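Chemist: The structure that follows is given in the form of C-alpha cells.
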Amino acid sequence: MATTNVLMHLSAPLDERGLRDVRDTLGEIAGVGRVEPGRKLRRVLLVDYDPRVVSAQALVAAIRHRGYPAQLVGM
C-alpha cells in the first residue's frame with residue numbers, strides 16, 4: 001500500500017469519546033492506515049491513507065457526516 005497523509009483541522013478539540021468516534025469512523029474506510037490526533041492540538045488529525053483507494057475529500061466527508069466540522073489543511 002503506497003500511503004500519503006493528510007492533515008485535518010476540526011472546529012473544536014476532540015474529547016476521548018469524539019476521538020474514538022473519529023478513529024473508528026475513519027478506520028473503517030478502506031485505504032486508511034492510521035489516524036492520530038495532534039500532540040499539542042487535539043483539533044488536528046493526521047491521517048495516513050492510500051489515495052488509490054480513497055480520496056482526502058472522502059475522508060473529510062466521513063468526519064463531517066458524523067457531525068464533526070472538519071477541513072483539509074495540508075497534504
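Following the order of the C-alpha cells, first chain is A, next is B, and so on, with residues numbered from 1 inside each chain and ligands from 1 in the order they appear.
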Which residues are close to stretch 12-14 of chain A, i.e. within 8 Å by only C-alpha atoms, leaving aside same-chain residues fewer than 3 positions away? Reply as a list in words.
Modeler: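 So, after excluding close chain neighbours, the residues are Arg17, Gly18, Leu19, Leu41, Arg42, Arg43 and Val44 of chain A.
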Chemist: Would you output that residue set with C-alpha atoms, as a tab-separated table (two decimals), in the first residue's frame?
Modeler:
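And here's out-v3.tsv as it stands now:
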```tsv
chain	number	residue	atom	x	y	z
A	17	ARG	CA	-15.28	9.90	23.09
A	18	GLY	CA	-15.08	12.10	19.99
A	19	LEU	CA	-11.57	10.93	19.22
A	41	LEU	CA	-3.64	20.38	19.42
A	42	ARG	CA	-6.48	17.88	19.79
A	43	ARG	CA	-8.35	19.59	16.99
A	44	VAL	CA	-5.79	18.44	14.41
```
Chemist: Just the alpha helix (DSSP H) stuff from chain A, please, per backbone DSSP, written as a list in words.
Modeler: Glu16, Arg17, Gly18, Leu19, Arg20, Asp21, Val22, Arg23, Asp24, Thr25, Leu26, Gly27, Ala56, Gln57, Ala58, Leu59, Val60, Ala61, Ala62, Ile63, Arg64 and His65 of chain A
Chemist: Quick one: residues within 7 Å of A:Asn5, only C-alpha atoms counted, chain neighbours fewer than 5 positions away excluded, as a list in words?
Modeler: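 Here the qualifying residues turn out to be Leu46, Val47, Asp48, Tyr49 and Met75 of chain A.
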Chemist: Between A:Val35, A:Glu28, A:Val6, A:Gly67, single out the one closest to A:Ser55, counting only C-alpha atoms.
Modeler: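 Of A:Val35, A:Glu28, A:Val6, A:Gly67, the one nearest A:Ser55 is A:Val6, counting only C-alpha atoms.
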Chemist: Residues within 8 Å of A:Ala56, please, as JSON, numbers by chain. Count only C-alpha atoms; anything in the same chain fewer than 4 positions from it doesn't count.
Modeler: {"A": [6, 51, 60, 72]}
Chemist: Mind listing the strand (DSSP E) residues of chain A, per DSSP on the backbone, as a PyMOL selection string?
Modeler: chain A and resi 4-10+32-37+44-49+70-74
Chemist: Nearest to A:Ala58 among A:His9, A:Pro37, A:Gln71, A:Leu45, with distances taken over only C-alpha atoms: which residue is it?
Modeler: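 Selected residue with least distance to A:Ala58: A:Gln71.
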Chemist: So which residues touch A:Arg66 within 9 Å, counting only C-alpha atoms, skipping near sequence neighbours fewer than 3 positions away, as an NGL selection string?
Modeler: :A and (21-22 or 25 or 61-63 or 69)
Chemist: With C-alpha atoms retained, export the selected residues as a compact mmCIF listing (two decimals), in the first residue's frame.
Modeler:
```
# COMPACT_ATOMS: atom_id res chain seq x y z
CA ASP A 21 -15.64 8.01 17.20
CA VAL A 22 -13.47 9.72 14.56
CA THR A 25 -15.20 6.08 11.52
CA ALA A 61 -16.84 13.97 4.21
CA ALA A 62 -16.94 10.93 6.52
CA ILE A 63 -15.97 13.05 9.52
CA PRO A 69 -16.93 20.11 11.19
```
Chemist: Here is a test: counting only C-alpha atoms, which residue of A:Thr3, A:Met8, A:Val53, A:Tyr68 is nearest to A:Glu36?
Modeler: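 The shortest atom-to-atom distance to A:Glu36 comes from A:Met8.
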Chemist: Work out how far apart atom CA of A:Glu16 and atom CA of A:Asp50 are and give it in Å to one decimal.
Modeler: 26.1 Å
